[in-house]
>>> print(open('protein-v8.pdb').read())   # PDB, C-alpha atoms and all ligand atoms
ATOM      1  CA  MET A   1       4.676  -9.246   4.322  1.00  0.00           C
ATOM      2  CA  ARG A   2       2.220  -7.136   6.261  1.00  0.00           C
ATOM      3  CA  ILE A   3       2.603  -5.622   9.704  1.00  0.00           C
ATOM      4  CA  GLU A   4      -0.570  -6.083  11.729  1.00  0.00           C
ATOM      5  CA  LEU A   5      -0.890  -3.053  13.970  1.00  0.00           C
ATOM      6  CA  GLU A   6      -2.923  -4.935  16.568  1.00  0.00           C
ATOM      7  CA  LYS A   7       0.053  -7.173  17.261  1.00  0.00           C
ATOM      8  CA  LEU A   8       2.442  -4.332  18.005  1.00  0.00           C
ATOM      9  CA  GLU A   9       3.345  -4.300  21.677  1.00  0.00           C
ATOM     10  CA  GLY A  10       3.071  -0.825  23.139  1.00  0.00           C
ATOM     11  CA  GLY A  11       2.272   0.504  19.676  1.00  0.00           C
ATOM     12  CA  ARG A  12       5.772   0.050  18.335  1.00  0.00           C
ATOM     13  CA  GLY A  13       8.067  -2.568  16.949  1.00  0.00           C
ATOM     14  CA  ASP A  14      10.989  -3.390  14.682  1.00  0.00           C
ATOM     15  CA  PHE A  15      10.731  -5.456  11.542  1.00  0.00           C
ATOM     16  CA  ALA A  16      13.119  -7.002   9.048  1.00  0.00           C
ATOM     17  CA  HIS A  17      12.672  -9.183   6.026  1.00  0.00           C
ATOM     18  CA  VAL A  18      14.731 -10.503   3.143  1.00  0.00           C
ATOM     19  CA  TYR A  19      12.815 -10.804  -0.120  1.00  0.00           C
ATOM     20  CA  GLN A  20      14.057 -13.360  -2.584  1.00  0.00           C
ATOM     21  CA  PRO A  21      13.834 -12.035  -6.163  1.00  0.00           C
ATOM     22  CA  ASP A  22      10.843 -14.255  -6.994  1.00  0.00           C
ATOM     23  CA  GLU A  23       9.050 -13.372  -3.776  1.00  0.00           C
ATOM     24  CA  LEU A  24       8.514  -9.707  -4.469  1.00  0.00           C
ATOM     25  CA  GLU A  25       5.397  -9.209  -6.526  1.00  0.00           C
ATOM     26  CA  GLY A  26       4.209  -6.012  -8.095  1.00  0.00           C
ATOM     27  CA  LEU A  27       7.652  -4.624  -8.870  1.00  0.00           C
ATOM     28  CA  ASP A  28       7.812  -2.548 -12.059  1.00  0.00           C
ATOM     29  CA  GLU A  29       8.364  -5.063 -14.873  1.00  0.00           C
ATOM     30  CA  ARG A  30      11.404  -3.291 -16.322  1.00  0.00           C
ATOM     31  CA  ILE A  31      13.255  -3.864 -13.033  1.00  0.00           C
ATOM     32  CA  LYS A  32      14.720  -7.228 -12.005  1.00  0.00           C
ATOM     33  CA  LEU A  33      16.320  -8.006  -8.663  1.00  0.00           C
ATOM     34  CA  THR A  34      19.783  -9.534  -9.006  1.00  0.00           C
ATOM     35  CA  GLN A  35      20.106 -10.183  -5.296  1.00  0.00           C
ATOM     36  CA  PRO A  36      17.663 -10.486  -2.406  1.00  0.00           C
ATOM     37  CA  ALA A  37      16.137  -7.218  -1.190  1.00  0.00           C
ATOM     38  CA  GLU A  38      16.650  -6.541   2.497  1.00  0.00           C
ATOM     39  CA  ILE A  39      14.380  -4.263   4.437  1.00  0.00           C
ATOM     40  CA  LYS A  40      14.789  -3.208   8.047  1.00  0.00           C
ATOM     41  CA  GLY A  41      12.732  -0.719   9.915  1.00  0.00           C
ATOM     42  CA  ALA A  42      10.684   0.426  12.849  1.00  0.00           C
ATOM     43  CA  VAL A  43       6.948   1.034  13.160  1.00  0.00           C
ATOM     44  CA  LYS A  44       5.418   3.435  15.615  1.00  0.00           C
ATOM     45  CA  ARG A  45       1.783   4.190  16.239  1.00  0.00           C
ATOM     46  CA  ALA A  46       0.663   7.661  17.230  1.00  0.00           C
ATOM     47  CA  GLY A  47      -3.089   7.734  17.650  1.00  0.00           C
ATOM     48  CA  ASN A  48      -4.551   6.565  14.350  1.00  0.00           C
ATOM     49  CA  ASP A  49      -1.417   7.467  12.424  1.00  0.00           C
ATOM     50  CA  VAL A  50       1.512   5.152  11.836  1.00  0.00           C
ATOM     51  CA  PHE A  51       5.124   6.116  11.246  1.00  0.00           C
ATOM     52  CA  VAL A  52       7.437   3.702   9.472  1.00  0.00           C
ATOM     53  CA  ASP A  53      11.088   4.344   8.867  1.00  0.00           C
ATOM     54  CA  GLY A  54      13.942   2.158   7.770  1.00  0.00           C
ATOM     55  CA  HIS A  55      16.248   1.086   5.004  1.00  0.00           C
ATOM     56  CA  VAL A  56      16.040  -0.961   1.805  1.00  0.00           C
ATOM     57  CA  GLU A  57      19.117  -2.525   0.246  1.00  0.00           C
ATOM     58  CA  THR A  58      19.477  -4.601  -2.925  1.00  0.00           C
ATOM     59  CA  ARG A  59      20.820  -4.651  -6.474  1.00  0.00           C
ATOM     60  CA  VAL A  60      18.648  -4.436  -9.550  1.00  0.00           C
ATOM     61  CA  GLN A  61      19.029  -4.877 -13.270  1.00  0.00           C
ATOM     62  CA  VAL A  62      17.398  -2.628 -15.848  1.00  0.00           C
ATOM     63  CA  GLU A  63      17.919  -2.194 -19.588  1.00  0.00           C
ATOM     64  CA  CYS A  64      20.020   0.552 -21.118  1.00  0.00           C
ATOM     65  CA  ASP A  65      17.617   3.019 -22.744  1.00  0.00           C
ATOM     66  CA  ARG A  66      19.639   3.101 -25.944  1.00  0.00           C
ATOM     67  CA  CYS A  67      21.137  -0.361 -26.543  1.00  0.00           C
ATOM     68  CA  LEU A  68      18.975  -2.532 -24.223  1.00  0.00           C
ATOM     69  CA  LYS A  69      22.041  -4.077 -22.605  1.00  0.00           C
ATOM     70  CA  PRO A  70      21.454  -5.031 -18.955  1.00  0.00           C
ATOM     71  CA  VAL A  71      22.687  -2.424 -16.475  1.00  0.00           C
ATOM     72  CA  GLU A  72      23.091  -3.282 -12.807  1.00  0.00           C
ATOM     73  CA  LEU A  73      22.404  -0.649 -10.179  1.00  0.00           C
ATOM     74  CA  PRO A  74      22.777  -0.711  -6.406  1.00  0.00           C
ATOM     75  CA  VAL A  75      19.765   0.325  -4.341  1.00  0.00           C
ATOM     76  CA  SER A  76      20.391   1.698  -0.883  1.00  0.00           C
ATOM     77  CA  ALA A  77      17.502   3.803   0.309  1.00  0.00           C
ATOM     78  CA  ASP A  78      16.455   5.281   3.630  1.00  0.00           C
ATOM     79  CA  PHE A  79      12.785   6.015   4.005  1.00  0.00           C
ATOM     80  CA  ALA A  80      10.492   7.773   6.473  1.00  0.00           C
ATOM     81  CA  LEU A  81       6.802   7.278   5.799  1.00  0.00           C
ATOM     82  CA  GLU A  82       3.632   8.311   7.483  1.00  0.00           C
ATOM     83  CA  TYR A  83       0.360   6.437   7.132  1.00  0.00           C
ATOM     84  CA  ILE A  84      -3.007   7.988   7.787  1.00  0.00           C
ATOM     85  CA  PRO A  85      -6.236   5.934   7.842  1.00  0.00           C
ATOM     86  CA  GLY A  86      -8.355   6.755   4.794  1.00  0.00           C
ATOM     87  CA  ALA A  87     -11.207   8.080   6.928  1.00  0.00           C
ATOM     88  CA  ASP A  88      -8.939  10.565   8.714  1.00  0.00           C
ATOM     89  CA  TYR A  89      -7.109  11.788   5.652  1.00  0.00           C
ATOM     90  CA  GLU A  90      -9.461  14.606   4.658  1.00  0.00           C
ATOM     91  CA  SER A  91      -9.457  16.241   8.069  1.00  0.00           C
ATOM     92  CA  SER A  92      -5.782  15.685   8.820  1.00  0.00           C
ATOM     93  CA  SER A  93      -3.005  18.219   8.887  1.00  0.00           C
ATOM     94  CA  ALA A  94      -1.520  16.690   5.755  1.00  0.00           C
ATOM     95  CA  ALA A  95      -0.314  20.076   4.555  1.00  0.00           C
ATOM     96  CA  ALA A  96       1.665  20.687   7.730  1.00  0.00           C
ATOM     97  CA  LEU A  97       3.161  17.208   7.535  1.00  0.00           C
ATOM     98  CA  SER A  98       4.359  17.645   3.986  1.00  0.00           C
ATOM     99  CA  GLU A  99       6.315  20.689   5.145  1.00  0.00           C
ATOM    100  CA  GLU A 100       8.419  18.268   7.152  1.00  0.00           C
ATOM    101  CA  GLU A 101       8.997  16.399   3.919  1.00  0.00           C
ATOM    102  CA  MET A 102       7.369  13.281   5.180  1.00  0.00           C
ATOM    103  CA  SER A 103       5.762  11.068   2.619  1.00  0.00           C
ATOM    104  CA  VAL A 104       2.131  10.579   3.613  1.00  0.00           C
ATOM    105  CA  SER A 105       0.159   7.539   2.487  1.00  0.00           C
ATOM    106  CA  VAL A 106      -3.376   6.433   3.127  1.00  0.00           C
ATOM    107  CA  PHE A 107      -3.879   2.960   4.596  1.00  0.00           C
ATOM    108  CA  ASP A 108      -6.714   0.750   5.812  1.00  0.00           C
ATOM    109  CA  GLY A 109      -6.058   1.412   9.497  1.00  0.00           C
ATOM    110  CA  GLN A 110      -5.244  -2.266  10.148  1.00  0.00           C
ATOM    111  CA  SER A 111      -1.926  -3.201   8.627  1.00  0.00           C
ATOM    112  CA  ILE A 112       1.067  -1.873   6.724  1.00  0.00           C
ATOM    113  CA  ASP A 113       2.055  -3.539   3.444  1.00  0.00           C
ATOM    114  CA  VAL A 114       5.832  -3.975   3.537  1.00  0.00           C
ATOM    115  CA  ASP A 115       5.996  -5.359  -0.045  1.00  0.00           C
ATOM    116  CA  GLU A 116       4.614  -2.048  -1.224  1.00  0.00           C
ATOM    117  CA  ILE A 117       7.288  -0.100   0.649  1.00  0.00           C
ATOM    118  CA  VAL A 118      10.070  -2.186  -0.904  1.00  0.00           C
ATOM    119  CA  ASN A 119       8.622  -1.855  -4.419  1.00  0.00           C
ATOM    120  CA  GLU A 120       8.213   1.871  -4.012  1.00  0.00           C
ATOM    121  CA  GLN A 121      11.705   2.441  -2.638  1.00  0.00           C
ATOM    122  CA  ILE A 122      13.280   0.425  -5.455  1.00  0.00           C
ATOM    123  CA  LEU A 123      11.272   2.350  -8.044  1.00  0.00           C
ATOM    124  CA  LEU A 124      12.337   5.680  -6.508  1.00  0.00           C
ATOM    125  CA  ALA A 125      15.982   4.604  -6.506  1.00  0.00           C
ATOM    126  CA  VAL A 126      16.060   3.686 -10.203  1.00  0.00           C
ATOM    127  CA  PRO A 127      16.489   6.706 -12.463  1.00  0.00           C
ATOM    128  CA  ALA A 128      13.822   7.233 -15.135  1.00  0.00           C
ATOM    129  CA  ARG A 129      16.545   7.098 -17.758  1.00  0.00           C
ATOM    130  CA  THR A 130      19.351   4.550 -17.522  1.00  0.00           C
ATOM    131  CA  LEU A 131      22.337   4.311 -19.849  1.00  0.00           C
ATOM    132  CA  CYS A 132      24.960   1.543 -19.757  1.00  0.00           C
ATOM    133  CA  ARG A 133      27.481   4.338 -20.124  1.00  0.00           C
ATOM    134  CA  GLU A 134      27.282   8.075 -20.645  1.00  0.00           C
ATOM    135  CA  ASP A 135      28.174   7.912 -24.351  1.00  0.00           C
ATOM    136  CA  CYS A 136      26.305   4.740 -25.299  1.00  0.00           C
ATOM    137  CA  LYS A 137      25.862   4.827 -29.077  1.00  0.00           C
ATOM    138  CA  GLY A 138      22.769   2.631 -29.037  1.00  0.00           C
ATOM    139  CA  ILE A 139      21.477   0.317 -31.728  1.00  0.00           C
ATOM    140  CA  CYS A 140      21.286   1.076 -35.442  1.00  0.00           C
ATOM    141  CA  PRO A 141      17.565   1.457 -36.184  1.00  0.00           C
ATOM    142  CA  ASP A 142      18.034  -0.056 -39.647  1.00  0.00           C
ATOM    143  CA  CYS A 143      20.138  -3.198 -39.143  1.00  0.00           C
ATOM    144  CA  GLY A 144      19.991  -3.614 -35.360  1.00  0.00           C
ATOM    145  CA  ILE A 145      23.751  -3.772 -34.806  1.00  0.00           C
ATOM    146  CA  ASP A 146      25.038  -2.616 -31.421  1.00  0.00           C
ATOM    147  CA  LEU A 147      26.962   0.504 -32.397  1.00  0.00           C
ATOM    148  CA  ASN A 148      29.148   0.223 -29.285  1.00  0.00           C
ATOM    149  CA  THR A 149      30.720  -2.974 -30.531  1.00  0.00           C
ATOM    150  CA  GLY A 150      30.600  -2.556 -34.285  1.00  0.00           C
ATOM    151  CA  GLN A 151      29.804  -0.278 -37.155  1.00  0.00           C
ATOM    152  CA  CYS A 152      27.441  -0.655 -40.030  1.00  0.00           C
ATOM    153  CA  ASN A 153      27.123   1.131 -43.333  1.00  0.00           C
ATOM    154  CA  CYS A 154      23.441   2.018 -43.054  1.00  0.00           C
ATOM    155  CA  ALA A 155      23.924   5.677 -42.210  1.00  0.00           C
ATOM    156  CA  SER A 156      26.703   6.363 -44.704  1.00  0.00           C
ATOM    157  CA  GLN A 157      25.243   4.495 -47.684  1.00  0.00           C
ATOM    158  CA  ASP A 158      21.689   5.664 -47.858  1.00  0.00           C
ATOM    159  CA  VAL A 159      20.699   8.628 -45.799  1.00  0.00           C
ATOM    160  CA  ASP A 160      17.131   8.506 -44.565  1.00  0.00           C
ATOM    161  CA  PRO A 161      15.221  11.101 -46.638  1.00  0.00           C
ATOM    162  CA  ARG A 162      13.765  12.565 -43.429  1.00  0.00           C
ATOM    163  CA  TRP A 163      17.246  13.252 -42.080  1.00  0.00           C
ATOM    164  CA  ALA A 164      18.354  14.648 -45.431  1.00  0.00           C
ATOM    165  CA  ALA A 165      15.484  17.101 -45.328  1.00  0.00           C
ATOM    166  CA  LEU A 166      16.396  18.053 -41.786  1.00  0.00           C
ATOM    167  CA  LYS A 167      20.008  18.684 -42.759  1.00  0.00           C
ATOM    168  CA  GLY A 168      18.941  20.956 -45.584  1.00  0.00           C
ATOM    169  CA  PHE A 169      16.747  22.871 -43.180  1.00  0.00           C
ATOM    170  CA  GLN A 170      19.557  23.303 -40.678  1.00  0.00           C
ATOM    171  CA  ASN A 171      21.914  24.542 -43.405  1.00  0.00           C
ATOM    172  CA  THR A 172      19.627  27.261 -44.634  1.00  0.00           C
ATOM    173  CA  ASP A 173      19.012  28.283 -41.047  1.00  0.00           C
ATOM    174  CA  SER A 174      22.649  28.896 -40.163  1.00  0.00           C
TER     175      SER A 174
HETATM  176 ZN    ZN B 201      23.738   1.181 -23.820  1.00  0.00          ZN
HETATM  177 ZN    ZN B 202      22.943  -0.347 -39.469  1.00  0.00          ZN
END
>>> encode(input="protein-v8.pdb", output="structure tokens")
Amino acid sequence: MRIELEKLEGGRGDFAHVYQPDELEGLDERIKLTQPAEIKGAVKRAGNDVFVDGHVETRVQVECDRCLKPVELPVSADFALEYIPGADYESSSAAALSEEEMSVSVFDGQSIDVDEIVNEQILLAVPARTLCREDCKGICPDCGIDLNTGQCNCASQDVDPRWAALKGFQNTDS
């Protein structure tokens, strides 16, 4: 969905959209929506600049970094964005604006891409590192067993020579 600025009455307007999981393109491929993503917001024009603020709400699924099990996370994000036409960006008071902790983006001066806002807000809401639980034991690199649900004998039977060397090093160090 795009908001055409020409169609805004009096330079302002509200918008809302519900994205079905298969409708949102360009989302980071490690993130899957498990329910529709709702966005609500308001657009306001001030000269050539555009201010967009609102809220994004959904649930997403990502993989645990250690065991690859799916982990579901809620996304509930407020945003306040400022758009500056590309041509104006260089001469703008971007430095002053960033002091107000506004996120400034460059746009084409014609329309605002709402898909992009949703994708960005979801990406910001998902931590760079996700674990299914704090103490996830992960997967055995040798046999592939999920160490949260079972144990294997790989580690105890034959110790990887690299680890053995490391142990020896640690011992002499202490
Ligand atoms: Zn895990
Ligand atoms: Zn194993």
>>> closest_residue(input="protein-v8.pdb", among="A:Leu68, A:Cys154, A:Ser103, A:Ile145", to="Arg30 (chain A)", atoms="all atoms listed in the file")
A:Leu68
>>> residues_near_ligand(input="protein-v8.pdb", ligand="ligand ZN 201 (chain B)", cutoff="8 Å", atoms="all atoms listed in the file", output="PDB file with C-alpha atoms, keeping the file's coordinate frame")
ATOM      1  CA  GLU A  63      17.919  -2.194 -19.588  1.00  0.00           C
ATOM      2  CA  CYS A  64      20.020   0.552 -21.118  1.00  0.00           C
ATOM      3  CA  ASP A  65      17.617   3.019 -22.744  1.00  0.00           C
ATOM      4  CA  ARG A  66      19.639   3.101 -25.944  1.00  0.00           C
ATOM      5  CA  CYS A  67      21.137  -0.361 -26.543  1.00  0.00           C
ATOM      6  CA  LEU A  68      18.975  -2.532 -24.223  1.00  0.00           C
ATOM      7  CA  LYS A  69      22.041  -4.077 -22.605  1.00  0.00           C
ATOM      8  CA  LEU A 131      22.337   4.311 -19.849  1.00  0.00           C
ATOM      9  CA  CYS A 132      24.960   1.543 -19.757  1.00  0.00           C
ATOM     10  CA  ARG A 133      27.481   4.338 -20.124  1.00  0.00           C
ATOM     11  CA  CYS A 136      26.305   4.740 -25.299  1.00  0.00           C
ATOM     12  CA  LYS A 137      25.862   4.827 -29.077  1.00  0.00           C
ATOM     13  CA  GLY A 138      22.769   2.631 -29.037  1.00  0.00           C
ATOM     14  CA  ASN A 148      29.148   0.223 -29.285  1.00  0.00           C
TER      15      ASN A 148
END
>>> closest_atom_pairs(input="protein-v8.pdb", of="chain A", to="ligand ZN 202 (chain B)", cutoff="8 Å", atoms="all atoms listed in the file", output="CSV")
residue,atom,partner,partner_atom,distance
A:Ile139,CA,B:ZN202,ZN,7.9
A:Cys140,CA,B:ZN202,ZN,4.6
A:Pro141,CA,B:ZN202,ZN,6.6
A:Asp142,CA,B:ZN202,ZN,4.9
A:Cys143,CA,B:ZN202,ZN,4.0
A:Gly144,CA,B:ZN202,ZN,6.0
A:Ile145,CA,B:ZN202,ZN,5.8
A:Gln151,CA,B:ZN202,ZN,7.2
A:Cys152,CA,B:ZN202,ZN,4.5
A:Asn153,CA,B:ZN202,ZN,5.9
A:Cys154,CA,B:ZN202,ZN,4.3
A:Ala155,CA,B:ZN202,ZN,6.7
>>> resolve_selection(input="protein-v8.pdb", expression="the PyMOL selection byres (((chain A and resi 9-15) around 12) and not hetatm)", output="count of residues only")
32
>>> residues_around(input="protein-v8.pdb", residues="region 123-126 of chain A", least_positions_apart="5", cutoff="8 Å", atoms="only C-alpha atoms", output="list in words")
Leu27, Asp28, Leu73, Val75, Ser76 and Ala77 of chain A
>>> write_last_selection(input="protein-v8.pdb", atoms="C-alpha atoms", output="CSV table (one decimal), in the frame of the given file")
chain,number,residue,atom,x,y,z
A,27,LEU,CA,7.7,-4.6,-8.9
A,28,ASP,CA,7.8,-2.5,-12.1
A,73,LEU,CA,22.4,-0.6,-10.2
A,75,VAL,CA,19.8,0.3,-4.3
A,76,SER,CA,20.4,1.7,-0.9
A,77,ALA,CA,17.5,3.8,0.3
>>> atom_distance(input="protein-v8.pdb", atom1="CA of Asp115 (chain A)", atom2="CA of Pro70 (chain A)")
24.4 Å
>>> atom_distance(input="protein-v8.pdb", atom1="CA of Val71 (chain A)", atom2="CA of Asn119 (chain A)")
18.5 Å
>>> closest_residue(input="protein-v8.pdb", among="A:Leu81, A:Gly150, A:Pro36, A:Val60", to="Glu116 (chain A)", atoms="only C-alpha atoms")
A:Leu81
>>> atom_distance(input="protein-v8.pdb", atom1="CA of Gly26 (chain A)", atom2="CA of Gly86 (chain A)")
22.1 Å
>>> residues_around(input="protein-v8.pdb", residues="Ala37 (chain A)", least_positions_apart="2", cutoff="6 Å", atoms="all atoms listed in the file", output="ChimeraX atom specification")
/A:18-19,57-58
>>> write_last_selection(input="protein-v8.pdb", atoms="C-alpha atoms", output="PDB file, in the coordinates of the input")
ATOM      1  CA  VAL A  18      14.731 -10.503   3.143  1.00  0.00           C
ATOM      2  CA  TYR A  19      12.815 -10.804  -0.120  1.00  0.00           C
ATOM      3  CA  GLU A  57      19.117  -2.525   0.246  1.00  0.00           C
ATOM      4  CA  THR A  58      19.477  -4.601  -2.925  1.00  0.00           C
TER       5      THR A  58
END
>>> axis_aligned_box(input="protein-v8.pdb", around="region 21-37 of chain A", padding_each_side="8 Å", output="AutoDock Vina command-line options")
--center_x 12.2 --center_y -8.4 --center_z -8.8 --size_x 31.9 --size_y 27.7 --size_z 31.1
>>> residues_around(input="protein-v8.pdb", residues="Glu72 (chain A)", least_positions_apart="3", cutoff="8 Å", atoms="only C-alpha atoms", output="PyMOL selection string")
chain A and resi 59-62
>>> closest_residue(input="protein-v8.pdb", among="A:Gln35, A:Thr149, A:Val106, A:Ser111", to="Glu23 (chain A)", atoms="only C-alpha atoms")
A:Gln35
>>> decode(input="protein-v8.pdb", residues="region 140-155 of chain A", atoms="N, CA and C atoms", output="mmCIF file, in the first residue's frame")
data_model
loop_
_atom_site.group_PDB
_atom_site.id
_atom_site.type_symbol
_atom_site.label_atom_id
_atom_site.label_comp_id
_atom_site.auth_asym_id
_atom_site.auth_seq_id
_atom_site.Cartn_x
_atom_site.Cartn_y
_atom_site.Cartn_z
ATOM 1 N N CYS A 140 23.403 -30.999 18.852
ATOM 2 C CA CYS A 140 24.744 -31.578 18.819
ATOM 3 C C CYS A 140 25.308 -31.427 17.403
ATOM 4 N N PRO A 141 26.472 -30.826 17.269
ATOM 5 C CA PRO A 141 27.038 -30.601 15.934
ATOM 6 C C PRO A 141 27.449 -31.905 15.245
ATOM 7 N N ASP A 142 27.593 -32.972 16.002
ATOM 8 C CA ASP A 142 28.040 -34.238 15.415
ATOM 9 C C ASP A 142 26.885 -35.107 14.933
ATOM 10 N N CYS A 143 25.862 -35.317 15.798
ATOM 11 C CA CYS A 143 24.789 -36.232 15.411
ATOM 12 C C CYS A 143 23.480 -35.507 15.120
ATOM 13 N N GLY A 144 23.383 -34.234 15.452
ATOM 14 C CA GLY A 144 22.194 -33.459 15.125
ATOM 15 C C GLY A 144 21.033 -33.611 16.099
ATOM 16 N N ILE A 145 21.242 -34.311 17.202
ATOM 17 C CA ILE A 145 20.147 -34.481 18.165
ATOM 18 C C ILE A 145 19.868 -33.152 18.869
ATOM 19 N N ASP A 146 18.591 -32.917 19.182
ATOM 20 C CA ASP A 146 18.216 -31.728 19.939
ATOM 21 C C ASP A 146 18.557 -31.997 21.402
ATOM 22 N N LEU A 147 19.539 -31.303 21.909
ATOM 23 C CA LEU A 147 20.043 -31.579 23.260
ATOM 24 C C LEU A 147 19.083 -31.127 24.361
ATOM 25 N N ASN A 148 17.994 -30.455 23.988
ATOM 26 C CA ASN A 148 16.970 -30.106 24.972
ATOM 27 C C ASN A 148 16.072 -31.291 25.272
ATOM 28 N N THR A 149 15.954 -32.182 24.298
ATOM 29 C CA THR A 149 15.012 -33.293 24.465
ATOM 30 C C THR A 149 15.721 -34.629 24.654
ATOM 31 N N GLY A 150 17.001 -34.681 24.373
ATOM 32 C CA GLY A 150 17.703 -35.946 24.531
ATOM 33 C C GLY A 150 19.190 -35.731 24.668
ATOM 34 N N GLN A 151 19.882 -36.799 24.960
ATOM 35 C CA GLN A 151 21.331 -36.708 25.093
ATOM 36 C C GLN A 151 21.982 -37.674 24.132
ATOM 37 N N CYS A 152 23.177 -37.362 23.729
ATOM 38 C CA CYS A 152 23.902 -38.271 22.871
ATOM 39 C C CYS A 152 25.252 -38.532 23.523
ATOM 40 N N ASN A 153 25.997 -39.437 22.949
ATOM 41 C CA ASN A 153 27.281 -39.797 23.546
ATOM 42 C C ASN A 153 28.457 -39.181 22.806
ATOM 43 N N CYS A 154 28.164 -38.356 21.822
ATOM 44 C CA CYS A 154 29.243 -37.783 20.994
ATOM 45 C C CYS A 154 30.329 -37.134 21.841
ATOM 46 N N ALA A 155 29.914 -36.222 22.708
ATOM 47 C CA ALA A 155 30.883 -35.418 23.455
ATOM 48 C C ALA A 155 31.693 -36.268 24.432
#
